[in-house]
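> My structure file my_file01.pdb, PDB, C-alpha atoms, is below:
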```pdb
ATOM      1  CA  MET A   1      29.758 -64.727 -30.048
ATOM      2  CA  SER A   2      29.804 -67.498 -27.420
ATOM      3  CA  ASN A   3      31.220 -70.891 -28.166
ATOM      4  CA  ASP A   4      29.243 -73.788 -26.637
ATOM      5  CA  ASN A   5      32.199 -76.153 -27.066
ATOM      6  CA  LYS A   6      34.263 -74.062 -24.611
ATOM      7  CA  SER A   7      31.670 -74.604 -21.866
ATOM      8  CA  LYS A   8      31.943 -78.394 -22.104
ATOM      9  CA  THR A   9      34.026 -80.108 -19.443
ATOM     10  CA  PRO A  10      35.917 -83.416 -19.683
ATOM     11  CA  LYS A  11      33.111 -84.912 -17.607
ATOM     12  CA  ASP A  12      30.523 -83.802 -20.200
ATOM     13  CA  THR A  13      32.549 -85.387 -22.984
ATOM     14  CA  HIS A  14      32.899 -88.616 -21.012
ATOM     15  CA  TYR A  15      29.134 -88.914 -20.476
ATOM     16  CA  ALA A  16      28.443 -88.088 -24.119
ATOM     17  CA  LYS A  17      30.636 -91.033 -25.144
ATOM     18  CA  LEU A  18      28.822 -93.293 -22.684
ATOM     19  CA  ARG A  19      25.432 -92.238 -24.113
ATOM     20  CA  ARG A  20      26.582 -92.964 -27.680
ATOM     21  CA  ALA A  21      27.940 -96.359 -26.631
ATOM     22  CA  HIS A  22      24.622 -97.177 -24.894
ATOM     23  CA  ARG A  23      22.637 -96.239 -28.016
ATOM     24  CA  ASP A  24      24.925 -98.325 -30.216
ATOM     25  CA  GLU A  25      24.573-101.306 -27.879
ATOM     26  CA  LYS A  26      20.772-101.110 -27.927
ATOM     27  CA  SER A  27      20.706-100.873 -31.715
ATOM     28  CA  GLY A  28      23.056-103.792 -32.222
ATOM     29  CA  GLY A  29      26.356-101.954 -32.310
ATOM     30  CA  ALA A  30      27.874 -99.138 -34.269
ATOM     31  CA  PRO A  31      27.258 -99.386 -38.014
ATOM     32  CA  ALA A  32      30.101-101.238 -39.652
ATOM     33  CA  PHE A  33      31.999 -99.531 -42.470
ATOM     34  CA  ARG A  34      31.217-101.276 -45.708
ATOM     35  CA  PRO A  35      33.637-100.400 -48.493
ATOM     36  CA  ARG A  36      32.094-100.099 -51.919
ATOM     37  CA  GLN A  37      32.449-103.348 -53.806
ATOM     38  CA  PRO A  38      34.229-102.969 -57.160
ATOM     39  CA  VAL A  39      32.117-103.585 -60.237
ATOM     40  CA  PRO A  40      33.846-105.509 -63.052
ATOM     41  CA  PRO A  41      33.463-104.347 -66.665
ATOM     42  CA  GLY A  42      30.485-105.702 -68.573
ATOM     43  CA  GLU A  43      30.550-107.526 -71.883
ATOM     44  CA  ASN A  44      32.764-106.192 -74.646
ATOM     45  CA  PRO A  45      31.116-103.980 -77.257
ATOM     46  CA  ALA A  46      29.979-105.534 -80.504
ATOM     47  CA  ASP A  47      32.629-106.471 -83.049
ATOM     48  CA  GLY A  48      34.011-103.468 -84.850
ATOM     49  CA  LEU A  49      33.209-101.033 -82.042
ATOM     50  CA  VAL A  50      35.243 -99.472 -79.223
ATOM     51  CA  ARG A  51      34.025 -98.081 -75.928
ATOM     52  CA  LEU A  52      35.192 -94.551 -75.064
ATOM     53  CA  TYR A  53      34.451 -92.653 -71.872
ATOM     54  CA  GLY A  54      35.197 -89.417 -70.022
ATOM     55  CA  LEU A  55      34.011 -85.870 -70.665
ATOM     56  CA  HIS A  56      36.979 -84.624 -72.720
ATOM     57  CA  THR A  57      37.161 -87.842 -74.720
ATOM     58  CA  VAL A  58      33.467 -87.894 -75.580
ATOM     59  CA  ARG A  59      33.260 -84.153 -76.292
ATOM     60  CA  ALA A  60      36.115 -84.455 -78.792
ATOM     61  CA  ALA A  61      34.476 -87.507 -80.377
ATOM     62  CA  LEU A  62      31.167 -85.653 -80.736
ATOM     63  CA  ASP A  63      32.971 -82.788 -82.476
ATOM     64  CA  ASN A  64      34.879 -85.059 -84.870
ATOM     65  CA  PRO A  65      32.939 -85.595 -88.134
ATOM     66  CA  ARG A  66      35.088 -88.674 -88.871
ATOM     67  CA  ARG A  67      33.933 -90.419 -85.693
ATOM     68  CA  LYS A  68      30.959 -92.756 -86.203
ATOM     69  CA  ILE A  69      29.166 -93.023 -82.856
ATOM     70  CA  LYS A  70      26.553 -95.744 -82.403
ATOM     71  CA  LYS A  71      25.417 -95.427 -78.794
ATOM     72  CA  MET A  72      25.722 -93.225 -75.716
ATOM     73  CA  LEU A  73      24.946 -93.712 -72.032
ATOM     74  CA  VAL A  74      25.050 -90.436 -70.107
ATOM     75  CA  THR A  75      24.000 -89.094 -66.732
ATOM     76  CA  ARG A  76      21.983 -85.901 -66.414
ATOM     77  CA  ASN A  77      24.939 -84.027 -64.931
ATOM     78  CA  ALA A  78      27.326 -85.194 -67.664
ATOM     79  CA  ALA A  79      24.816 -84.248 -70.380
ATOM     80  CA  GLU A  80      24.689 -80.725 -68.954
ATOM     81  CA  ARG A  81      28.483 -80.495 -68.843
ATOM     82  CA  LEU A  82      28.643 -81.697 -72.445
ATOM     83  CA  ALA A  83      26.041 -79.033 -73.399
ATOM     84  CA  ILE A  84      23.640 -81.677 -74.718
ATOM     85  CA  ALA A  85      20.180 -80.168 -74.307
ATOM     86  CA  ASP A  86      18.180 -82.810 -76.188
ATOM     87  CA  LEU A  87      19.368 -86.414 -76.328
ATOM     88  CA  GLY A  88      16.708 -87.154 -78.921
ATOM     89  CA  ALA A  89      18.325 -84.721 -81.347
ATOM     90  CA  LEU A  90      21.557 -86.732 -81.487
ATOM     91  CA  PRO A  91      22.079 -88.833 -84.642
ATOM     92  CA  PHE A  92      22.548 -92.019 -82.611
ATOM     93  CA  ASN A  93      20.886 -93.819 -79.742
ATOM     94  CA  ALA A  94      21.458 -91.939 -76.458
ATOM     95  CA  GLU A  95      20.071 -92.946 -73.076
ATOM     96  CA  LEU A  96      19.889 -91.021 -69.797
ATOM     97  CA  VAL A  97      21.127 -93.270 -66.968
ATOM     98  CA  GLU A  98      22.520 -93.290 -63.444
ATOM     99  CA  PRO A  99      26.284 -93.492 -62.751
ATOM    100  CA  ARG A 100      25.955 -97.065 -61.475
ATOM    101  CA  ASP A 101      24.501 -98.093 -64.858
ATOM    102  CA  ILE A 102      27.694 -96.910 -66.559
ATOM    103  CA  ASP A 103      29.784 -98.682 -63.897
ATOM    104  CA  LYS A 104      28.166-101.933 -65.043
ATOM    105  CA  VAL A 105      29.412-101.267 -68.571
ATOM    106  CA  THR A 106      32.906 -99.833 -68.030
ATOM    107  CA  GLY A 107      33.637-101.264 -64.596
ATOM    108  CA  SER A 108      33.821 -99.068 -61.513
ATOM    109  CA  ASP A 109      37.590 -98.541 -61.882
ATOM    110  CA  ALA A 110      37.095 -96.567 -65.104
ATOM    111  CA  VAL A 111      36.914 -92.796 -64.565
ATOM    112  CA  HIS A 112      33.964 -92.384 -66.918
ATOM    113  CA  GLN A 113      32.686 -89.071 -65.453
ATOM    114  CA  GLY A 114      29.115 -90.049 -66.268
ATOM    115  CA  VAL A 115      29.363 -90.773 -69.996
ATOM    116  CA  VAL A 116      30.345 -93.638 -72.273
ATOM    117  CA  ILE A 117      29.943 -94.106 -76.011
ATOM    118  CA  GLU A 118      30.305 -97.027 -78.379
ATOM    119  CA  ALA A 119      31.801 -96.024 -81.716
ATOM    120  CA  GLU A 120      33.722 -97.269 -84.705
ATOM    121  CA  PRO A 121      37.495 -96.901 -84.242
ATOM    122  CA  LEU A 122      39.206 -94.279 -86.361
ATOM    123  CA  LYS A 123      40.872 -95.760 -89.420
ATOM    124  CA  PRO A 124      44.659 -95.298 -89.428
ATOM    125  CA  LYS A 125      46.141 -93.589 -92.479
ATOM    126  CA  ARG A 126      48.965 -94.628 -94.786
ATOM    127  CA  LEU A 127      52.378 -93.002 -94.652
ATOM    128  CA  ASP A 128      51.882 -91.500 -98.116
ATOM    129  CA  ALA A 129      48.996 -89.489 -96.634
ATOM    130  CA  LEU A 130      51.335 -87.669 -94.245
ATOM    131  CA  GLY A 131      50.753 -84.252 -95.768
ATOM    132  CA  ASP A 132      52.975 -81.210 -95.278
ATOM    133  CA  THR A 133      53.536 -81.361 -91.523
ATOM    134  CA  ARG A 134      57.011 -80.462 -90.219
ATOM    135  CA  LEU A 135      56.855 -82.483 -87.013
ATOM    136  CA  VAL A 136      55.870 -86.104 -86.409
ATOM    137  CA  LEU A 137      56.319 -88.687 -83.680
ATOM    138  CA  VAL A 138      57.351 -92.279 -84.381
ATOM    139  CA  LEU A 139      56.798 -94.990 -81.757
ATOM    140  CA  ASP A 140      58.977 -98.098 -81.838
ATOM    141  CA  GLN A 141      56.824-100.802 -80.217
ATOM    142  CA  ILE A 142      55.465 -98.782 -77.286
ATOM    143  CA  THR A 143      52.612-100.991 -76.087
ATOM    144  CA  ASP A 144      51.281 -99.345 -72.900
ATOM    145  CA  PRO A 145      48.000 -97.580 -73.787
ATOM    146  CA  HIS A 146      48.459 -95.100 -70.919
ATOM    147  CA  ASN A 147      51.810 -94.020 -72.353
ATOM    148  CA  VAL A 148      50.558 -93.854 -75.935
ATOM    149  CA  GLY A 149      47.537 -91.827 -74.825
ATOM    150  CA  ALA A 150      49.733 -89.380 -72.921
ATOM    151  CA  ILE A 151      52.067 -89.102 -75.942
ATOM    152  CA  LEU A 152      49.086 -88.332 -78.178
ATOM    153  CA  ARG A 153      48.048 -85.560 -75.816
ATOM    154  CA  SER A 154      51.526 -83.977 -75.892
ATOM    155  CA  ALA A 155      51.752 -84.405 -79.673
ATOM    156  CA  VAL A 156      48.542 -82.446 -80.198
ATOM    157  CA  ALA A 157      49.524 -79.818 -77.626
ATOM    158  CA  PHE A 158      52.818 -79.131 -79.439
ATOM    159  CA  GLY A 159      51.340 -79.233 -82.936
ATOM    160  CA  ALA A 160      52.730 -82.516 -84.262
ATOM    161  CA  GLY A 161      51.004 -83.526 -87.469
ATOM    162  CA  ALA A 162      50.980 -87.293 -87.075
ATOM    163  CA  LEU A 163      51.763 -90.243 -84.832
ATOM    164  CA  ILE A 164      53.375 -93.173 -86.634
ATOM    165  CA  THR A 165      53.140 -96.659 -85.126
ATOM    166  CA  THR A 166      53.646-100.224 -86.314
ATOM    167  CA  ALA A 167      50.698-102.458 -87.156
ATOM    168  CA  ARG A 168      52.004-104.989 -84.618
ATOM    169  CA  HIS A 169      53.230-104.362 -81.071
ATOM    170  CA  SER A 170      51.175-101.183 -80.687
ATOM    171  CA  PRO A 171      48.021-100.765 -78.596
ATOM    172  CA  GLN A 172      44.673-100.710 -80.337
ATOM    173  CA  GLU A 173      42.267 -97.847 -79.803
ATOM    174  CA  SER A 174      40.539 -98.331 -76.452
ATOM    175  CA  GLY A 175      38.852 -96.495 -73.615
ATOM    176  CA  VAL A 176      42.067 -96.490 -71.564
ATOM    177  CA  LEU A 177      44.123 -95.047 -74.420
ATOM    178  CA  ALA A 178      41.473 -92.462 -75.324
ATOM    179  CA  LYS A 179      40.993 -91.383 -71.691
ATOM    180  CA  SER A 180      44.768 -90.917 -71.287
ATOM    181  CA  ALA A 181      44.795 -88.877 -74.502
ATOM    182  CA  SER A 182      42.037 -86.625 -73.096
ATOM    183  CA  GLY A 183      40.465 -85.937 -76.496
ATOM    184  CA  ALA A 184      43.725 -85.792 -78.487
ATOM    185  CA  LEU A 185      42.820 -89.009 -80.299
ATOM    186  CA  GLU A 186      40.416 -86.999 -82.459
ATOM    187  CA  HIS A 187      42.909 -84.251 -83.361
ATOM    188  CA  ILE A 188      45.913 -85.973 -84.936
ATOM    189  CA  ASP A 189      46.501 -88.283 -87.883
ATOM    190  CA  GLN A 190      47.512 -91.762 -86.857
ATOM    191  CA  ILE A 191      49.622 -93.598 -89.405
ATOM    192  CA  GLU A 192      50.191 -97.332 -89.258
ATOM    193  CA  VAL A 193      53.147 -99.002 -90.988
ATOM    194  CA  LYS A 194      54.195-102.631 -91.361
ATOM    195  CA  ASN A 195      57.961-102.107 -91.274
ATOM    196  CA  LEU A 196      59.374 -99.270 -89.203
ATOM    197  CA  ALA A 197      62.811 -99.220 -90.867
ATOM    198  CA  ASP A 198      61.179 -98.880 -94.298
ATOM    199  CA  ALA A 199      58.944 -96.105 -92.941
ATOM    200  CA  LEU A 200      61.974 -94.221 -91.625
ATOM    201  CA  GLY A 201      63.529 -94.518 -95.073
ATOM    202  CA  GLN A 202      60.404 -92.981 -96.597
ATOM    203  CA  LEU A 203      60.576 -90.148 -94.078
ATOM    204  CA  HIS A 204      64.192 -89.502 -95.120
ATOM    205  CA  GLU A 205      63.089 -89.336 -98.750
ATOM    206  CA  ALA A 206      60.399 -86.827 -97.734
ATOM    207  CA  GLY A 207      63.064 -84.572 -96.186
ATOM    208  CA  PHE A 208      62.700 -85.518 -92.522
ATOM    209  CA  GLN A 209      65.571 -85.678 -90.091
ATOM    210  CA  THR A 210      64.794 -88.702 -87.900
ATOM    211  CA  ILE A 211      66.077 -88.364 -84.349
ATOM    212  CA  GLY A 212      66.042 -91.420 -82.092
ATOM    213  CA  LEU A 213      65.890 -90.640 -78.394
ATOM    214  CA  ASP A 214      68.409 -92.715 -76.456
ATOM    215  CA  SER A 215      69.695 -92.121 -72.935
ATOM    216  CA  ASP A 216      73.185 -93.019 -74.210
ATOM    217  CA  GLY A 217      72.937 -90.960 -77.389
ATOM    218  CA  PRO A 218      76.221 -89.273 -78.394
ATOM    219  CA  ALA A 219      74.773 -85.747 -78.558
ATOM    220  CA  GLU A 220      72.315 -83.634 -76.621
ATOM    221  CA  LEU A 221      68.945 -83.297 -78.312
ATOM    222  CA  GLU A 222      69.036 -79.496 -78.382
ATOM    223  CA  THR A 223      72.245 -79.528 -80.459
ATOM    224  CA  SER A 224      71.102 -82.327 -82.790
ATOM    225  CA  PHE A 225      68.394 -80.576 -84.799
ATOM    226  CA  ALA A 226      69.472 -79.878 -88.360
ATOM    227  CA  GLY A 227      66.473 -80.110 -90.677
ATOM    228  CA  GLU A 228      63.298 -78.252 -91.544
ATOM    229  CA  LYS A 229      61.271 -81.404 -90.899
ATOM    230  CA  ILE A 230      61.732 -83.437 -87.721
ATOM    231  CA  ALA A 231      60.597 -86.955 -86.826
ATOM    232  CA  LEU A 232      61.173 -87.843 -83.177
ATOM    233  CA  VAL A 233      61.539 -91.598 -82.660
ATOM    234  CA  LEU A 234      60.866 -93.110 -79.230
ATOM    235  CA  GLY A 235      61.416 -96.666 -78.033
ATOM    236  CA  ALA A 236      59.544 -98.849 -75.589
ATOM    237  CA  GLU A 237      59.917 -98.601 -71.823
ATOM    238  CA  GLY A 238      62.913-100.601 -70.671
ATOM    239  CA  LYS A 239      63.936-101.910 -74.104
ATOM    240  CA  GLY A 240      64.351 -98.541 -75.781
ATOM    241  CA  LEU A 241      64.901 -98.363 -79.528
ATOM    242  CA  ARG A 242      65.428-101.634 -81.372
ATOM    243  CA  GLN A 243      68.839-102.137 -82.949
ATOM    244  CA  LYS A 244      67.505-101.839 -86.515
ATOM    245  CA  THR A 245      65.810 -98.567 -85.596
ATOM    246  CA  ARG A 246      69.019 -97.243 -84.033
ATOM    247  CA  GLU A 247      70.895 -98.055 -87.220
ATOM    248  CA  THR A 248      68.271 -96.410 -89.461
ATOM    249  CA  VAL A 249      67.585 -93.037 -87.810
ATOM    250  CA  THR A 250      69.547 -89.991 -88.942
ATOM    251  CA  THR A 251      70.709 -89.136 -85.421
ATOM    252  CA  LEU A 252      70.777 -90.639 -81.945
ATOM    253  CA  ALA A 253      70.360 -88.028 -79.216
ATOM    254  CA  ARG A 254      69.825 -87.883 -75.490
ATOM    255  CA  LEU A 255      67.913 -85.567 -73.223
ATOM    256  CA  ASP A 256      70.414 -83.748 -71.016
ATOM    257  CA  MET A 257      69.486 -84.518 -67.406
ATOM    258  CA  PRO A 258      72.033 -83.393 -64.807
ATOM    259  CA  GLY A 259      70.137 -84.947 -61.911
ATOM    260  CA  ALA A 260      70.620 -88.335 -60.259
ATOM    261  CA  ILE A 261      67.984 -89.939 -62.527
ATOM    262  CA  ARG A 262      69.066 -90.164 -66.167
ATOM    263  CA  SER A 263      65.853 -91.347 -67.791
ATOM    264  CA  LEU A 264      62.207 -90.319 -67.946
ATOM    265  CA  ASN A 265      58.953 -92.117 -68.554
ATOM    266  CA  VAL A 266      58.582 -92.288 -72.337
ATOM    267  CA  SER A 267      55.536 -90.003 -72.373
ATOM    268  CA  ASN A 268      57.424 -87.362 -70.376
ATOM    269  CA  ALA A 269      60.434 -87.716 -72.670
ATOM    270  CA  ALA A 270      58.139 -87.196 -75.659
ATOM    271  CA  ALA A 271      56.790 -83.951 -74.204
ATOM    272  CA  VAL A 272      60.288 -82.591 -73.508
ATOM    273  CA  ALA A 273      61.497 -83.553 -77.004
ATOM    274  CA  LEU A 274      58.456 -81.974 -78.663
ATOM    275  CA  TYR A 275      59.080 -78.747 -76.760
ATOM    276  CA  ALA A 276      62.733 -78.731 -77.849
ATOM    277  CA  ALA A 277      61.736 -79.315 -81.487
ATOM    278  CA  ARG A 278      59.281 -76.427 -81.347
ATOM    279  CA  ARG A 279      62.011 -74.189 -79.959
ATOM    280  CA  TRP A 280      64.234 -75.222 -82.898
ATOM    281  CA  PHE A 281      61.548 -74.313 -85.402
ATOM    282  CA  ALA A 282      60.960 -70.976 -83.667
ATOM    283  CA  ARG A 283      64.667 -70.061 -83.931
ATOM    284  CA  GLY A 284      64.661 -70.918 -87.621
ATOM    285  CA  LYS A 285      61.926 -68.454 -88.515
TER     286      LYS A 285
END
```
Once you've parsed the file, please lay out its structure as structure tokens.


Amino acid sequence: MSNDNKSKTPKDTHYAKLRRAHRDEKSGGAPAFRPRQPVPPGENPADGLVRLYGLHTVRAALDNPRRKIKKMLVTRNAAERLAIADLGALPFNAELVEPRDIDKVTGSDAVHQGVVIEAEPLKPKRLDALGDTRLVLVLDQITDPHNVGAILRSAVAFGAGALITTARHSPQESGVLAKSASGALEHIDQIEVKNLADALGQLHEAGFQTIGLDSDGPAELETSFAGEKIALVLGAEGKGLRQKTRETVTTLARLDMPGAIRSLNVSNAAAVALYAARRWFARGK
């Protein structure tokens, strides 16, 4: 097969550039690049509702009988990917829209993937409703919704039964948190407590070994497991565990990291610790 590009000479290329420049000059110049202007988020949802977006997040919410959805905006493509054949058959108001219509609601920075819902937030449970799970996560004032969402995702992936947070200094349910959790928000009990030290005491009474993760912990995490029920306790970025929490947990342990960096993002540390706990349970079978 012949290649026309090989027959072109430098002279041909030069004249082609001149012709393009002449056309641009006659038409007022080459078209200027206009970056897409960001769209700010619209008004907040009505009181008592949260706005959730993204395919995994919304699919999990649709499948959760505890989730009370009030409204949906969805593009045709997203509806197909969510396997929604008839919007009219949904038990809430659902509207077929264009992506730019959702941008006006969530803001263009939100990765909504063509769908957003407004729903009632899930009600947190009490600690006495913990059930018979063997593995829980406890967060000591971790406030970044991206981190909490990522921790939720790891918790569900490794089979943790609950996430325990404080009523204050913890992020509320939101689109950012839910998107980071990628659907995990619907698959794990969330327990809210007023006093973390008291909650740790209740976990001890329920037979849990509480292990606080600390980069300066006296023992490696893998050698610290001793119980049939484990509660992994993680502190906020930078501050770590509060002093009262450090004094209350059963054990302080560190993740062994031989590299030049001795600490991880808290969501990554949670995933590593959950994996180690699962390995402990597997050996005890």

> Taking (53.3, -90.1, -94.1) in the coordinates of the supplied file, I want to know which residues reach to within 9 Å of it, counting only C-alpha atoms; could you give the answer as an mmCIF file with C-alpha atoms, keeping the file's coordinate frame?


```
data_model
loop_
_atom_site.group_PDB
_atom_site.id
_atom_site.type_symbol
_atom_site.label_atom_id
_atom_site.label_comp_id
_atom_site.auth_asym_id
_atom_site.auth_seq_id
_atom_site.Cartn_x
_atom_site.Cartn_y
_atom_site.Cartn_z
ATOM 1 C CA LYS A 125 46.141 -93.589 -92.479
ATOM 2 C CA ARG A 126 48.965 -94.628 -94.786
ATOM 3 C CA LEU A 127 52.378 -93.002 -94.652
ATOM 4 C CA ASP A 128 51.882 -91.500 -98.116
ATOM 5 C CA ALA A 129 48.996 -89.489 -96.634
ATOM 6 C CA LEU A 130 51.335 -87.669 -94.245
ATOM 7 C CA GLY A 131 50.753 -84.252 -95.768
ATOM 8 C CA ASP A 132 52.975 -81.210 -95.278
ATOM 9 C CA ALA A 162 50.980 -87.293 -87.075
ATOM 10 C CA ILE A 164 53.375 -93.173 -86.634
ATOM 11 C CA ILE A 191 49.622 -93.598 -89.405
ATOM 12 C CA ALA A 199 58.944 -96.105 -92.941
ATOM 13 C CA GLN A 202 60.404 -92.981 -96.597
ATOM 14 C CA LEU A 203 60.576 -90.148 -94.078
ATOM 15 C CA ALA A 206 60.399 -86.827 -97.734
#
```

> Is it possible to get the residues within 7 Å of (31.0, -100.0, -69.6) (coordinates as in the file, counting only C-alpha atoms) written as a ChimeraX atom specification?

/A:41-42,102-107,116

> Which residues are near A:Gly161? Cut-off 7 Å, all atoms listed in the file, ignore same chain within fewer than 3 positions. Put them as a PyMOL selection string.

chain A and resi 133+135-136+188-189

> Please write the residues picked by the PyMOL selection byres ((chain A and resi 184) around 9) on this file as a PDB file with C-alpha atoms, in the frame of the given file.


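The new file result-v3.pdb reads:
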```pdb
ATOM      1  CA  HIS A  56      36.979 -84.624 -72.720  1.00  0.00           C
ATOM      2  CA  THR A  57      37.161 -87.842 -74.720  1.00  0.00           C
ATOM      3  CA  ALA A  60      36.115 -84.455 -78.792  1.00  0.00           C
ATOM      4  CA  GLY A 149      47.537 -91.827 -74.825  1.00  0.00           C
ATOM      5  CA  ALA A 150      49.733 -89.380 -72.921  1.00  0.00           C
ATOM      6  CA  LEU A 152      49.086 -88.332 -78.178  1.00  0.00           C
ATOM      7  CA  ARG A 153      48.048 -85.560 -75.816  1.00  0.00           C
ATOM      8  CA  SER A 154      51.526 -83.977 -75.892  1.00  0.00           C
ATOM      9  CA  ALA A 155      51.752 -84.405 -79.673  1.00  0.00           C
ATOM     10  CA  VAL A 156      48.542 -82.446 -80.198  1.00  0.00           C
ATOM     11  CA  ALA A 157      49.524 -79.818 -77.626  1.00  0.00           C
ATOM     12  CA  ALA A 178      41.473 -92.462 -75.324  1.00  0.00           C
ATOM     13  CA  SER A 180      44.768 -90.917 -71.287  1.00  0.00           C
ATOM     14  CA  ALA A 181      44.795 -88.877 -74.502  1.00  0.00           C
ATOM     15  CA  SER A 182      42.037 -86.625 -73.096  1.00  0.00           C
ATOM     16  CA  GLY A 183      40.465 -85.937 -76.496  1.00  0.00           C
ATOM     17  CA  LEU A 185      42.820 -89.009 -80.299  1.00  0.00           C
ATOM     18  CA  GLU A 186      40.416 -86.999 -82.459  1.00  0.00           C
ATOM     19  CA  HIS A 187      42.909 -84.251 -83.361  1.00  0.00           C
ATOM     20  CA  ILE A 188      45.913 -85.973 -84.936  1.00  0.00           C
TER      21      ILE A 188
END
```

> I'd like the interatomic distance between atom CA of A:Ala79 and atom CA of A:Val148, to a tenth of an Å.

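Atom-to-atom, atom CA of A:Ala79 to atom CA of A:Val148, that is 28.0 Å.
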
> Determine the residue set returned by the PyMOL selection byres ((chain A and resi 274-285) around 8) for the present structure, and present it as a ChimeraX atom specification.

/A:154-155,158,221-222,225,228,230,232,270-273

> Interatomic distance between atom CA of A:Gly207 and atom CA of A:Ile151?

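Distance reported for this atom pair: 23.5 Å.
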
> Kindly compute an axis-aligned box around the listed atoms of stretch 49-68 of chain A, allowing 5 Å on each side, and express its centre and edge lengths in Å to one decimal as JSON.


```
{"center_x": 34.1, "center_y": -91.9, "center_z": -79.4, "size_x": 16.2, "size_y": 28.2, "size_z": 28.8}
```

> Work out how far apart atom CA of A:Thr250 and atom CA of A:Thr210 are and give it in Å to one decimal.

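Value for the atom CA of A:Thr250-atom CA of A:Thr210 distance: 5.0 Å.
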
> For this structure, which residues satisfy the selection - the PyMOL selection byres ((chain A and resi 239) around 12) - when it is evaluated on the file as given? I want them as a ChimeraX atom specification.

/A:140-143,214-215,234-238,240-243,266

> Go ahead and write the residues just picked, C-alpha atoms, as a PDB file, keeping the file's coordinate frame.


```
ATOM      1  CA  ASP A 140      58.977 -98.098 -81.838  1.00  0.00           C
ATOM      2  CA  GLN A 141      56.824-100.802 -80.217  1.00  0.00           C
ATOM      3  CA  ILE A 142      55.465 -98.782 -77.286  1.00  0.00           C
ATOM      4  CA  THR A 143      52.612-100.991 -76.087  1.00  0.00           C
ATOM      5  CA  ASP A 214      68.409 -92.715 -76.456  1.00  0.00           C
ATOM      6  CA  SER A 215      69.695 -92.121 -72.935  1.00  0.00           C
ATOM      7  CA  LEU A 234      60.866 -93.110 -79.230  1.00  0.00           C
ATOM      8  CA  GLY A 235      61.416 -96.666 -78.033  1.00  0.00           C
ATOM      9  CA  ALA A 236      59.544 -98.849 -75.589  1.00  0.00           C
ATOM     10  CA  GLU A 237      59.917 -98.601 -71.823  1.00  0.00           C
ATOM     11  CA  GLY A 238      62.913-100.601 -70.671  1.00  0.00           C
ATOM     12  CA  GLY A 240      64.351 -98.541 -75.781  1.00  0.00           C
ATOM     13  CA  LEU A 241      64.901 -98.363 -79.528  1.00  0.00           C
ATOM     14  CA  ARG A 242      65.428-101.634 -81.372  1.00  0.00           C
ATOM     15  CA  GLN A 243      68.839-102.137 -82.949  1.00  0.00           C
ATOM     16  CA  VAL A 266      58.582 -92.288 -72.337  1.00  0.00           C
TER      17      VAL A 266
END
```

> When distances are computed from all atoms listed in the file, which of A:Arg59, A:Leu252, A:Leu96, A:Ile69 shows the smallest separation from A:Ala83?

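For A:Ala83, the nearest of the candidates is A:Arg59.
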
> Using only C-alpha atoms, find the one residue out of A:Ala78, A:Leu177, A:Ile117, A:Ile211 that sits nearest to A:Ala61.

A:Ile117

> Name the closest residue to A:Asn44 among the candidates A:Glu173, A:Arg134, A:Val233, A:Glu118; distances are taken between atoms, counting all atoms listed in the file.

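Ranked by minimum distance to A:Asn44, first place goes to A:Glu118.
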
> Show me, as an mmCIF file with C-alpha atoms, in the frame of the given file, the residues that have an atom within 9 Å of stretch 90-95 of chain A when counting all atoms listed in the file, minus same-chain residues fewer than 6 positions from it.


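Just written: result.cif:
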```
data_model
loop_
_atom_site.group_PDB
_atom_site.id
_atom_site.type_symbol
_atom_site.label_atom_id
_atom_site.label_comp_id
_atom_site.auth_asym_id
_atom_site.auth_seq_id
_atom_site.Cartn_x
_atom_site.Cartn_y
_atom_site.Cartn_z
ATOM 1 C CA ILE A 69 29.166 -93.023 -82.856
ATOM 2 C CA LYS A 70 26.553 -95.744 -82.403
ATOM 3 C CA LYS A 71 25.417 -95.427 -78.794
ATOM 4 C CA MET A 72 25.722 -93.225 -75.716
ATOM 5 C CA LEU A 73 24.946 -93.712 -72.032
ATOM 6 C CA VAL A 74 25.050 -90.436 -70.107
ATOM 7 C CA THR A 75 24.000 -89.094 -66.732
ATOM 8 C CA ILE A 84 23.640 -81.677 -74.718
ATOM 9 C CA ILE A 117 29.943 -94.106 -76.011
#
```

> Go through A:Pro218, A:Gly54, A:Gly201, A:Pro99 and flag the residue nearest A:Gly175, using all atoms listed in the file for the distances.

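Of A:Pro218, A:Gly54, A:Gly201, A:Pro99, the one nearest A:Gly175 is A:Gly54, counting all atoms listed in the file.
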
> Under the rule that all atoms listed in the file are counted, which of A:Ser174, A:Ser224, A:Gln209, A:Thr251 is the nearest residue to A:Gly48?

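Using all atoms listed in the file, the shortest distance to A:Gly48 belongs to A:Ser174.
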
> Pick out the closest residue to A:Met257 from this set: A:Thr223, A:Ala269, A:Leu163, A:Arg168. Count all atoms listed in the file.

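Looking at the shortest contact to A:Met257, the residue is A:Ala269.
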